[in-house]
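Q: What follows is input-v5.txt; its format and atoms are compact mmCIF, C-alpha atoms and all ligand atoms.
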```
# COMPACT_ATOMS: atom_id res chain seq x y z
CA MET M 1 121.66 97.95 121.98
CA ALA M 2 119.35 100.81 121.12
CA ALA M 3 115.84 99.60 120.67
CA ILE M 4 113.24 102.37 120.93
CA VAL M 5 109.97 101.57 122.66
CA LEU M 6 107.03 103.99 122.64
CA SER M 7 104.21 103.07 125.03
CA LYS M 8 100.85 104.85 125.03
CA LEU M 9 102.59 108.00 123.86
CA ASN M 10 100.37 111.10 123.81
CA LYS M 11 100.81 114.75 122.95
CA HIS M 12 98.33 117.54 123.59
CA TYR M 13 99.03 121.04 122.34
CA GLY M 14 96.95 123.11 124.74
CA SER M 15 93.56 121.75 125.71
CA LEU M 16 92.15 121.50 122.20
CA HIS M 17 94.66 119.77 120.03
CA HIS M 18 95.42 116.09 120.58
CA ALA M 19 98.30 115.67 118.12
CA VAL M 20 99.55 112.17 119.07
CA LYS M 21 97.14 109.55 120.39
CA ASP M 22 98.15 106.40 122.29
CA VAL M 23 101.05 105.53 120.03
CA ASP M 24 102.59 102.11 120.75
CA LEU M 25 105.63 101.19 118.70
CA GLU M 26 108.68 98.99 119.16
CA ILE M 27 111.68 99.74 116.97
CA ALA M 28 114.38 97.07 117.07
CA ASP M 29 118.08 97.77 117.53
CA LYS M 30 119.58 98.82 114.16
CA GLU M 31 116.18 98.82 112.48
CA PHE M 32 115.27 101.58 110.00
CA VAL M 33 111.66 102.67 110.50
CA ALA M 34 109.86 105.24 108.35
CA LEU M 35 106.95 107.23 109.82
CA VAL M 36 104.68 108.32 107.00
CA GLY M 37 101.33 110.06 106.71
CA PRO M 38 99.70 113.21 105.42
CA SER M 39 100.71 116.63 106.69
CA GLY M 40 99.55 117.20 110.27
CA CYS M 41 99.19 113.50 111.19
CA GLY M 42 101.61 113.84 114.14
CA LYS M 43 104.73 112.20 112.72
CA SER M 44 107.12 115.12 113.41
CA THR M 45 105.69 115.56 116.89
CA THR M 46 106.35 111.86 117.56
CA LEU M 47 109.94 112.20 116.31
CA ARG M 48 110.51 115.37 118.32
CA MET M 49 109.26 113.62 121.46
CA ILE M 50 111.78 110.80 120.86
CA ALA M 51 114.47 113.48 120.44
CA GLY M 52 113.39 115.28 123.61
CA LEU M 53 112.65 118.50 121.71
CA GLU M 54 108.99 118.27 122.69
CA ASP M 55 107.59 117.38 126.12
CA ILE M 56 105.34 114.36 126.21
CA SER M 57 101.82 114.65 127.62
CA GLY M 58 101.47 110.98 128.53
CA GLY M 59 103.07 107.59 128.08
CA GLU M 60 106.65 106.45 128.02
CA ILE M 61 109.68 106.51 125.74
CA ARG M 62 112.53 104.05 126.23
CA ILE M 63 115.80 104.15 124.32
CA GLY M 64 118.18 101.22 124.87
CA GLY M 65 116.05 100.02 127.77
CA LYS M 66 116.24 103.36 129.61
CA VAL M 67 113.20 105.55 130.18
CA VAL M 68 114.11 108.95 128.70
CA ASN M 69 110.84 110.83 129.34
CA ASN M 70 112.53 113.56 131.34
CA LEU M 71 116.00 113.40 129.86
CA PRO M 72 117.16 116.52 127.96
CA PRO M 73 118.03 115.96 124.26
CA ARG M 74 121.81 116.16 124.80
CA ASP M 75 121.66 113.21 127.20
CA ARG M 76 119.68 110.92 124.88
CA ASP M 77 122.60 109.98 122.60
CA ILE M 78 120.70 110.76 119.42
CA ALA M 79 121.66 112.61 116.25
CA MET M 80 119.06 114.43 114.21
CA VAL M 81 118.97 115.47 110.54
CA PHE M 82 116.58 118.26 109.59
CA GLN M 83 115.10 119.53 106.35
CA ASN M 84 117.07 122.80 106.56
CA TYR M 85 120.44 121.09 107.27
CA ALA M 86 121.10 123.40 110.28
CA LEU M 87 124.80 123.89 109.44
CA TYR M 88 126.90 126.72 110.89
CA GLN M 89 127.39 129.03 107.91
CA HIS M 90 130.57 130.73 109.17
CA MET M 91 132.41 127.45 109.76
CA SER M 92 134.14 125.17 107.26
CA VAL M 93 132.70 121.73 106.61
CA TYR M 94 135.51 120.25 108.73
CA ASP M 95 134.66 122.52 111.66
CA ASN M 96 130.94 121.78 111.27
CA LEU M 97 131.73 118.08 111.53
CA ALA M 98 134.04 118.64 114.49
CA PHE M 99 131.78 121.02 116.40
CA GLY M 100 129.80 118.55 118.53
CA LEU M 101 132.87 116.51 119.41
CA ARG M 102 134.93 119.58 120.38
CA ASN M 103 132.11 120.58 122.70
CA LYS M 104 132.49 117.20 124.35
CA LYS M 105 136.26 117.80 124.65
CA VAL M 106 137.12 114.81 122.45
CA PRO M 107 140.87 114.89 121.56
CA GLU M 108 141.62 116.43 118.11
CA SER M 109 143.32 113.24 116.86
CA GLU M 110 140.15 111.25 117.59
CA ILE M 111 138.01 113.93 115.96
CA LYS M 112 140.17 113.78 112.83
CA ALA M 113 139.86 110.00 112.66
CA GLY M 114 136.07 110.24 112.99
CA ILE M 115 135.84 112.92 110.30
CA ASP M 116 138.09 110.91 107.96
CA ARG M 117 135.78 107.94 108.33
CA ALA M 118 132.61 109.99 107.76
CA ALA M 119 134.21 111.77 104.79
CA GLU M 120 135.14 108.41 103.33
CA ILE M 121 131.61 107.01 103.71
CA LEU M 122 129.91 110.11 102.30
CA GLY M 123 132.53 111.29 99.77
CA LEU M 124 133.18 114.59 101.57
CA HIS M 125 136.99 114.76 101.38
CA GLU M 126 137.19 117.44 98.70
CA LEU M 127 134.59 119.59 100.48
CA LEU M 128 136.13 119.75 103.95
CA LYS M 129 137.62 123.25 103.55
CA ARG M 130 134.54 124.84 102.03
CA LYS M 131 131.85 126.86 103.80
CA PRO M 132 128.25 125.60 103.60
CA ARG M 133 127.24 128.40 101.18
CA GLN M 134 129.76 127.01 98.68
CA LEU M 135 127.89 123.68 98.64
CA SER M 136 124.83 122.47 96.74
CA GLY M 137 121.73 121.40 98.70
CA GLY M 138 122.64 117.75 98.30
CA GLN M 139 126.20 118.37 99.51
CA GLN M 140 124.93 120.31 102.54
CA GLN M 141 122.63 117.44 103.41
CA ARG M 142 125.56 115.02 103.14
CA VAL M 143 127.51 117.20 105.60
CA ALA M 144 124.52 117.11 107.95
CA LEU M 145 124.59 113.30 107.70
CA GLY M 146 128.34 113.34 108.29
CA ARG M 147 127.83 115.33 111.46
CA CYS M 148 125.58 112.53 112.72
CA ILE M 149 128.04 109.77 111.84
CA VAL M 150 131.01 111.35 113.62
CA ARG M 151 129.06 111.44 116.84
CA ASN M 152 128.46 107.70 116.66
CA PRO M 153 125.08 108.00 118.40
CA LEU M 154 122.69 105.26 119.52
CA VAL M 155 119.92 106.59 117.27
CA PHE M 156 119.53 108.61 114.05
CA LEU M 157 116.38 110.72 113.73
CA PHE M 158 115.49 112.17 110.31
CA ASP M 159 112.85 114.90 110.00
CA GLU M 160 111.88 115.18 106.30
CA PRO M 161 115.57 115.61 105.41
CA LEU M 162 115.09 115.40 101.65
CA SER M 163 112.11 117.70 101.13
CA ASN M 164 114.22 120.69 100.04
CA LEU M 165 115.95 118.78 97.26
CA ASP M 166 114.78 118.40 93.67
CA ALA M 167 113.33 115.07 92.59
CA LYS M 168 116.53 113.69 91.06
CA LEU M 169 118.69 114.60 94.04
CA ARG M 170 116.08 113.20 96.41
CA ALA M 171 116.34 109.85 94.68
CA GLN M 172 120.16 109.97 94.92
CA MET M 173 120.15 110.92 98.60
CA ARG M 174 117.68 108.12 99.30
CA ILE M 175 120.26 105.67 98.00
CA GLU M 176 123.02 107.34 100.03
CA ILE M 177 120.99 107.07 103.22
CA LYS M 178 120.30 103.43 102.47
CA ARG M 179 124.00 102.79 101.83
CA LEU M 180 124.89 104.67 105.00
CA HIS M 181 122.55 102.49 107.04
CA ALA M 182 124.14 99.36 105.57
CA GLN M 183 127.64 100.61 106.43
CA VAL M 184 126.83 102.10 109.82
CA PRO M 185 123.84 100.09 111.05
CA THR M 186 122.17 102.39 113.58
CA THR M 187 118.60 102.45 114.85
CA SER M 188 116.89 105.05 112.66
CA VAL M 189 113.53 106.80 112.55
CA PHE M 190 112.77 108.66 109.33
CA VAL M 191 109.78 111.02 109.04
CA THR M 192 108.36 111.76 105.61
CA HIS M 193 105.06 112.57 103.90
CA ASP M 194 106.36 110.85 100.77
CA GLN M 195 105.24 107.24 100.64
CA VAL M 196 107.86 106.33 98.02
CA GLU M 197 110.59 107.54 100.38
CA ALA M 198 109.05 105.59 103.25
CA MET M 199 108.67 102.41 101.21
CA THR M 200 112.18 102.49 99.73
CA LEU M 201 114.00 103.34 102.98
CA GLY M 202 112.09 101.60 105.74
CA ASP M 203 112.69 98.06 106.97
CA ARG M 204 109.22 98.74 108.30
CA VAL M 205 106.77 101.50 107.49
CA VAL M 206 104.49 103.11 110.10
CA VAL M 207 101.44 104.72 108.53
CA MET M 208 99.88 107.50 110.64
CA ARG M 209 96.75 109.60 110.36
CA ASP M 210 95.16 112.07 112.78
CA GLY M 211 97.67 111.30 115.54
CA ARG M 212 97.16 107.53 115.39
CA ILE M 213 99.12 104.64 113.93
CA HIS M 214 96.97 102.85 111.35
CA GLN M 215 99.41 100.16 110.26
CA VAL M 216 102.95 98.99 110.95
CA GLY M 217 104.56 96.54 108.55
CA THR M 218 107.17 95.80 105.94
CA PRO M 219 106.79 97.80 102.71
CA LEU M 220 105.41 94.70 101.01
CA ALA M 221 102.88 94.10 103.79
CA VAL M 222 101.46 97.63 103.84
CA TYR M 223 101.24 97.57 100.04
CA GLY M 224 99.85 94.07 99.71
CA LYS M 225 97.66 93.82 102.79
CA PRO M 226 96.50 97.29 103.81
CA VAL M 227 94.35 97.08 106.95
CA ASN M 228 91.97 99.83 105.90
CA LYS M 229 90.90 102.08 103.05
CA PHE M 230 93.09 104.95 104.22
CA VAL M 231 96.32 102.91 104.13
CA ALA M 232 95.22 101.31 100.85
CA GLY M 233 94.77 104.72 99.25
CA PHE M 234 97.85 106.34 100.80
CA ILE M 235 100.44 103.68 99.98
CA GLY M 236 101.08 103.04 96.29
CA ALA M 237 101.19 105.39 93.32
CA PRO M 238 99.09 105.98 91.37
CA ALA M 239 96.59 105.47 94.19
CA MET M 240 94.28 102.47 94.50
CA ASN M 241 90.92 102.71 92.72
CA PHE M 242 87.76 102.32 94.80
CA LEU M 243 84.37 101.16 93.50
CA GLU M 244 81.08 100.57 95.29
CA VAL M 245 79.80 97.04 94.76
CA THR M 246 77.27 94.61 96.19
CA ILE M 247 78.30 91.09 97.12
CA ARG M 248 76.26 88.17 95.71
CA LYS M 249 76.70 84.50 95.22
CA GLU M 250 75.99 83.01 91.80
CA ALA M 251 76.24 79.27 91.17
CA GLY M 252 78.60 78.90 94.12
CA THR M 253 80.85 81.78 93.07
CA VAL M 254 81.13 85.01 95.04
CA VAL M 255 80.70 88.01 92.75
CA ALA M 256 81.06 91.73 93.33
CA GLU M 257 78.65 93.68 91.18
CA SER M 258 77.27 97.12 90.50
CA PRO M 259 75.09 98.48 87.68
CA VAL M 260 78.29 98.83 85.60
CA LEU M 261 80.38 95.80 86.46
CA LYS M 262 80.40 92.23 87.66
CA VAL M 263 83.58 90.57 88.89
CA ALA M 264 84.08 87.01 90.14
CA VAL M 265 85.99 87.04 93.43
CA THR M 266 88.65 84.41 94.16
CA GLU M 267 90.06 83.25 97.48
CA PRO M 268 90.94 84.48 100.05
CA SER M 269 88.59 87.46 99.55
CA SER M 270 85.70 85.19 98.53
CA VAL M 271 85.89 83.42 101.89
CA ALA M 272 85.94 86.70 103.80
CA LEU M 273 82.94 87.95 101.79
CA GLU M 274 80.70 84.92 102.50
CA ALA M 275 79.08 86.83 105.36
CA TRP M 276 78.56 89.95 103.25
CA GLN M 277 76.09 88.58 100.68
CA GLY M 278 73.48 91.14 99.69
CA ARG M 279 75.47 93.98 101.28
CA ARG M 280 77.32 96.90 99.81
CA VAL M 281 81.08 97.08 100.24
CA ILE M 282 83.94 99.10 98.77
CA MET M 283 86.13 97.23 96.32
CA GLY M 284 89.70 98.41 95.83
CA VAL M 285 92.01 97.55 92.97
CA ARG M 286 95.41 99.04 92.24
CA PRO M 287 96.03 100.63 88.82
CA GLU M 288 98.89 98.17 88.17
CA HIS M 289 96.58 95.21 88.82
CA LEU M 290 94.16 96.11 86.05
CA VAL M 291 94.89 94.96 82.53
CA LEU M 292 93.44 96.14 79.28
CA GLY M 293 91.32 93.56 77.48
CA GLU M 294 88.90 90.77 78.22
CA GLY M 295 91.25 88.66 80.32
CA LEU M 296 89.01 86.22 82.04
CA LEU M 297 85.52 87.12 80.91
CA SER M 298 84.12 86.65 84.41
CA ARG M 299 86.47 89.33 85.71
CA SER M 300 86.26 92.06 83.05
CA PHE M 301 84.15 95.20 82.80
CA ALA M 302 83.64 98.14 80.45
CA ALA M 303 85.39 101.50 80.87
CA LYS M 304 85.54 104.72 78.91
CA VAL M 305 89.02 106.22 78.41
CA GLU M 306 89.17 109.91 79.35
CA VAL M 307 92.89 110.73 79.43
CA VAL M 308 95.90 108.89 77.99
CA GLU M 309 99.27 109.66 79.58
CA GLN M 310 102.18 108.34 77.55
CA LEU M 311 105.23 107.95 79.81
CA GLY M 312 107.44 106.14 77.33
CA SER M 313 107.92 103.14 79.59
CA GLU M 314 104.18 102.66 80.05
CA ILE M 315 100.83 104.30 79.46
CA LEU M 316 98.68 105.53 82.32
CA LEU M 317 94.98 105.62 81.56
CA GLU M 318 92.36 107.67 83.34
CA SER M 319 89.02 106.06 82.66
CA ARG M 320 85.47 106.08 83.89
CA VAL M 321 83.49 103.06 85.06
CA GLY M 322 79.99 104.40 85.70
CA ASP M 323 80.51 107.31 88.07
CA ALA M 324 83.86 106.08 89.36
CA ARG M 325 87.22 107.24 88.09
CA VAL M 326 89.52 104.31 87.45
CA THR M 327 93.25 104.61 86.74
CA VAL M 328 95.04 101.88 84.84
CA ALA M 329 98.84 101.63 84.93
CA ARG M 330 101.46 99.64 83.03
CA VAL M 331 99.57 99.63 79.76
CA PRO M 332 102.25 98.77 77.13
CA PRO M 333 103.54 102.06 75.60
CA GLU M 334 102.89 101.02 72.00
CA THR M 335 99.18 100.32 72.64
CA ALA M 336 96.96 102.19 70.16
CA ILE M 337 94.47 103.94 72.41
CA ALA M 338 92.90 107.39 72.58
CA ALA M 339 90.62 109.47 74.78
CA GLY M 340 87.01 108.52 74.12
CA ASP M 341 87.74 104.84 73.40
CA GLN M 342 85.53 102.21 75.00
CA VAL M 343 87.70 99.44 76.46
CA ARG M 344 87.43 96.43 78.71
CA LEU M 345 89.45 96.11 81.87
CA SER M 346 90.12 92.97 83.88
CA ALA M 347 91.37 92.66 87.40
CA GLN M 348 94.21 90.25 88.10
CA PRO M 349 93.08 87.34 90.28
CA GLY M 350 93.76 87.68 94.01
CA ARG M 351 94.39 91.41 93.67
CA LEU M 352 91.04 92.77 94.82
CA HIS M 353 90.64 94.39 98.23
CA PHE M 354 87.31 94.81 100.04
CA PHE M 355 86.48 97.32 102.75
CA ASP M 356 83.56 97.74 105.16
CA PRO M 357 81.86 100.97 104.00
CA GLU M 358 81.16 101.99 107.63
CA SER M 359 84.44 101.35 109.45
CA GLU M 360 86.54 101.38 106.25
CA ASN M 361 88.47 98.41 107.68
CA VAL M 362 89.48 95.62 105.35
CA ILE M 363 87.05 92.70 105.27
CA ALA M 364 89.13 89.72 106.31
CA ALA M 365 88.28 86.08 106.75
P1 LIG C 401 103.26 116.21 110.68
O1 LIG C 401 104.70 116.12 111.02
O2 LIG C 401 102.64 114.85 110.52
O3 LIG C 401 102.96 117.09 109.52
P2 LIG C 401 103.02 117.51 113.24
O4 LIG C 401 103.50 116.48 114.18
O5 LIG C 401 103.97 118.61 112.89
O6 LIG C 401 102.48 116.83 111.92
O7 LIG C 401 101.69 118.17 113.82
C1 LIG C 401 100.61 117.42 114.27
C2 LIG C 401 99.50 118.35 114.64
O8 LIG C 401 99.87 119.14 115.78
C3 LIG C 401 99.13 119.33 113.55
O9 LIG C 401 97.74 119.48 113.52
C4 LIG C 401 99.81 120.61 113.97
O10 LIG C 401 99.09 121.72 113.52
C5 LIG C 401 99.80 120.52 115.47
N1 LIG C 401 100.96 121.18 116.06
C6 LIG C 401 102.27 120.93 115.80
N2 LIG C 401 103.08 121.71 116.53
C7 LIG C 401 102.27 122.50 117.28
C8 LIG C 401 102.49 123.52 118.26
N3 LIG C 401 103.73 123.88 118.62
N4 LIG C 401 101.40 124.08 118.82
C9 LIG C 401 100.15 123.71 118.49
N5 LIG C 401 99.87 122.76 117.59
C10 LIG C 401 100.91 122.15 116.99
```
Can you dump the structure from the file as structure tokens?
A:
Amino acid sequence: MAAIVLSKLNKHYGSLHHAVKDVDLEIADKEFVALVGPSGCGKSTTLRMIAGLEDISGGEIRIGGKVVNNLPPRDRDIAMVFQNYALYQHMSVYDNLAFGLRNKKVPESEIKAGIDRAAEILGLHELLKRKPRQLSGGQQQRVALGRCIVRNPLVFLFDEPLSNLDAKLRAQMRIEIKRLHAQVPTTSVFVTHDQVEAMTLGDRVVVMRDGRIHQVGTPLAVYGKPVNKFVAGFIGAPAMNFLEVTIRKEAGTVVAESPVLKVAVTEPSSVALEAWQGRRVIMGVRPEHLVLGEGLLSRSFAAKVEVVEQLGSEILLESRVGDARVTVARVPPETAIAAGDQVRLSAQPGRLHFFDPESENVIAA
């Protein structure tokens, strides 16, 4: 069993910089958790504290029930994959894979069995005699993963391991890591600034900003029910649109309106907004939840198309609604539309999000 429990974890760099603030997080045995957030939000520092590569300033870290606060990295039974692979250049792939085990005086026959298994899982057999410089970036990263598997650790820690790869290879390695986790279920923490990577890999996603956790949830939960405007804007691509509106009630219906739009609000948002009548709030709607055309008249508004991006599979529209920029996704690719066109947009029912303009927290019932 290798659950990881972080309790009130803090990190200060010197007296000025508070990089990780009161982080509480429970990662279940064999769970794959992705830490995601913008650069500088404290995700690598958190990972490095779990690894023991960084001292903690306060709080507690438990791995498999044991407090590891003062345990050196080699005694934590973790394996770490870095962005720069960290392979020994003068050694063959086989010797790179064997290195950690030889240090632990594991018998050669056992080492060979472990390497055979890792090579099988990752398709490394034909590369075992090569030196790292004779490998592509993707192959080097697979060797780095192999080195983790042969050690059979309690925990895998990944620090932006795919950032050096091109987009296509990144997508392939994502699938390999997912397959690896299915074959060798091991508690894993994966740090990335890429929300697509976090969403596709994580059983749960942890969204961080300024040293704090803002939301922990399944990919569907952080996408569908973001707790605040930051998470709403960070998760999902293209990013959620935000519009300033005032809440009113008309003939029993809650409406969100501004000088340039009026949208009828359905449940559950309408219930949450009862108490906000006459007040300004921020309305969020994802590009993929807007459709071109009248839709329901009570939910549509006018927009001016500024840029048309034809992707072949869909059209992305950049438009303007009053002062606000509004992106529309998943417009059918054969739609006849051009920059300068006046169109109507409608929001799909139940897909509007509302945020308190002060706290930026979601307005919930
Ligand atoms: P992330 O991985 O989310 O990009 P980091 O955990 O690397 O962020 O860094 C969090 C914050 O701590 C950043 O503001 C960074 O500048 C600062 N920081 C990281 N390492 C050090 C260090 N060794 N000394 C001082 N400040 C640091």
Q: Show me a table, sorted first by chain and then by increasing residue number, of the residues of chain M having an atom at most 9 Å from ligand LIG 401 (chain C), each with its shortest atom pair and the distance in Å to one decimal, counting all atoms listed in the file and written as JSON lines.
A:
```
{"residue": "M:Lys11", "atom": "CA", "partner": "C:LIG401", "partner_atom": "O8", "distance": 8.5}
{"residue": "M:His12", "atom": "CA", "partner": "C:LIG401", "partner_atom": "N5", "distance": 8.1}
{"residue": "M:Tyr13", "atom": "CA", "partner": "C:LIG401", "partner_atom": "C9", "distance": 4.8}
{"residue": "M:Gly14", "atom": "CA", "partner": "C:LIG401", "partner_atom": "C9", "distance": 7.0}
{"residue": "M:His17", "atom": "CA", "partner": "C:LIG401", "partner_atom": "N5", "distance": 6.5}
{"residue": "M:His18", "atom": "CA", "partner": "C:LIG401", "partner_atom": "O8", "distance": 7.2}
{"residue": "M:Ala19", "atom": "CA", "partner": "C:LIG401", "partner_atom": "O8", "distance": 4.5}
{"residue": "M:Val20", "atom": "CA", "partner": "C:LIG401", "partner_atom": "C1", "distance": 7.2}
{"residue": "M:Leu35", "atom": "CA", "partner": "C:LIG401", "partner_atom": "O2", "distance": 8.8}
{"residue": "M:Val36", "atom": "CA", "partner": "C:LIG401", "partner_atom": "O2", "distance": 7.7}
{"residue": "M:Gly37", "atom": "CA", "partner": "C:LIG401", "partner_atom": "O2", "distance": 6.3}
{"residue": "M:Pro38", "atom": "CA", "partner": "C:LIG401", "partner_atom": "O2", "distance": 6.1}
{"residue": "M:Ser39", "atom": "CA", "partner": "C:LIG401", "partner_atom": "O3", "distance": 3.6}
{"residue": "M:Gly40", "atom": "CA", "partner": "C:LIG401", "partner_atom": "O6", "distance": 3.4}
{"residue": "M:Cys41", "atom": "CA", "partner": "C:LIG401", "partner_atom": "O2", "distance": 3.8}
{"residue": "M:Gly42", "atom": "CA", "partner": "C:LIG401", "partner_atom": "O4", "distance": 3.2}
{"residue": "M:Lys43", "atom": "CA", "partner": "C:LIG401", "partner_atom": "O2", "distance": 4.0}
{"residue": "M:Ser44", "atom": "CA", "partner": "C:LIG401", "partner_atom": "O1", "distance": 3.5}
{"residue": "M:Thr45", "atom": "CA", "partner": "C:LIG401", "partner_atom": "O4", "distance": 3.6}
{"residue": "M:Thr46", "atom": "CA", "partner": "C:LIG401", "partner_atom": "O4", "distance": 6.4}
{"residue": "M:Leu47", "atom": "CA", "partner": "C:LIG401", "partner_atom": "O4", "distance": 8.0}
{"residue": "M:Arg48", "atom": "CA", "partner": "C:LIG401", "partner_atom": "O4", "distance": 8.2}
{"residue": "M:Glu54", "atom": "CA", "partner": "C:LIG401", "partner_atom": "N3", "distance": 8.7}
{"residue": "M:Asp159", "atom": "CA", "partner": "C:LIG401", "partner_atom": "O1", "distance": 8.3}
{"residue": "M:Glu160", "atom": "CA", "partner": "C:LIG401", "partner_atom": "O1", "distance": 8.6}
{"residue": "M:Val191", "atom": "CA", "partner": "C:LIG401", "partner_atom": "O1", "distance": 7.5}
{"residue": "M:Thr192", "atom": "CA", "partner": "C:LIG401", "partner_atom": "O1", "distance": 7.9}
{"residue": "M:His193", "atom": "CA", "partner": "C:LIG401", "partner_atom": "O2", "distance": 7.4}
{"residue": "M:Met208", "atom": "CA", "partner": "C:LIG401", "partner_atom": "O2", "distance": 7.9}
{"residue": "M:Arg209", "atom": "CA", "partner": "C:LIG401", "partner_atom": "O2", "distance": 7.9}
{"residue": "M:Asp210", "atom": "CA", "partner": "C:LIG401", "partner_atom": "C1", "distance": 7.8}
{"residue": "M:Gly211", "atom": "CA", "partner": "C:LIG401", "partner_atom": "C1", "distance": 6.9}
```
Q: Find the spatial neighbours of Glu294 in chain M, counting all atoms listed in the file, within a cut-off of 7 Å - ignore same-chain residues fewer than 4 positions away - and output them as a VMD selection string.
A: chain M and resid 300 344 to 346
Q: Please produce a file of the residues just selected, as a compact mmCIF listing (two decimals), keeping the file's coordinate frame, where the atoms kept are C-alpha atoms.
A:
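Writing done, so here's result.txt:
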```txt
# COMPACT_ATOMS: atom_id res chain seq x y z
CA SER M 300 86.26 92.06 83.05
CA ARG M 344 87.43 96.43 78.71
CA LEU M 345 89.45 96.11 81.87
CA SER M 346 90.12 92.97 83.88
```
Q: For Ala329 in chain M, find every residue with an atom within 10 Å (counting only C-alpha atoms), except residues of its own chain fewer than 6 positions away, and show them as a list in words.
A: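 Listed by chain and then number, they are Ala237, Pro238, Arg286, Pro287, Glu288, His289, Leu290, Val291, Leu292, Glu309, Glu314, Ile315, Leu316, Leu317 and Glu318 of chain M.
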Q: Which residue gives the smallest distance to Thr246 in chain M among M:Arg279, M:Arg142, M:Arg320, M:Lys229, with only C-alpha atoms counted?
A: M:Arg279
Q: Compile the contact shell of Ala79 in chain M as a VMD selection string: residues with an atom at most 7 Å away, counting only C-alpha atoms, same-chain residues fewer than 2 positions apart removed.
A: chain M and resid 77 81 148 153 155 to 157
Q: Tell me, in Å to one decimal, how far CA of Thr327 in chain M is from CA of Val254 in chain M.
A: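 CA of Val254 in chain M lies at a distance of 24.5 Å from CA of Thr327 in chain M.
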Q: So how many Å separate CA of Leu135 in chain M and CA of Val93 in chain M, to one decimal?
A: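 CA of Val93 in chain M lies at a distance of 9.5 Å from CA of Leu135 in chain M.
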Q: Suppose you want the space between CA of Tyr88 in chain M and CA of Ala144 in chain M; what is it in Å?
A: 10.3 Å
Q: Go through M:Asn84, M:Ser258, M:Gln310, M:Asn228 one by one, measure the shortest atom-to-atom distance of each to Glu358 in chain M using all atoms listed in the file, and give the residue with the smallest value.
A: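 Using all atoms listed in the file, the shortest distance to Glu358 in chain M belongs to M:Asn228.
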Q: Choose the residue, out of M:Ala3, M:Ala86, M:Leu201, M:Met49, that has the smallest atom-to-atom separation from Ala34 in chain M; count all atoms listed in the file.
A: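 Once distances to Ala34 in chain M are computed over all atoms listed in the file, the minimum belongs to M:Leu201.
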Q: Identify which of the residues M:Val184, M:Pro72, M:Val106, M:Gly217 lies closest to Met199 in chain M, counting all atoms listed in the file when measuring atom-to-atom distances.
A: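 Of all the options, M:Gly217 lies closest to Met199 in chain M.
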Q: Let me make sure I understand: among M:Ile63, M:Val308, M:Val331, M:Ala303, which one has the smallest atom-to-atom distance to Leu154 in chain M if we use all atoms listed in the file?
A: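 For Leu154 in chain M, the nearest of the candidates is M:Ile63.
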Q: With all atoms listed in the file as the counted atoms, please give the residues lying no more than 10 Å from Val67 in chain M, apart from itself and same-chain residues fewer than 4 positions off, as an MDAnalysis selection string.
A: chainID M and resid 4:6 60:63 71 76
Q: Using all atoms listed in the file, pick whichever of M:Ser270, M:Thr187, M:Asn164, M:Asn70 has the shortest atom-to-atom distance to Glu26 in chain M.
A: M:Thr187
Q: Can you list, as an MDAnalysis selection string, every protein, DNA or RNA residue that comes within 12 Å of His353 in chain M when you count all atoms listed in the file, leaving out same-chain residues fewer than 2 positions away?
A: chainID M and resid 223:229 231:233 240:245 256 265:270 272:273 281:286 289 347:351 355:356 360:364
Q: Could you tell me, as a PyMOL selection string, which residues have any atom at most 12 Å from (109.6, 97.1, 107.3), counting only C-alpha atoms?
A: chain M and resi 27-28+31-35+189+198-207+215-223
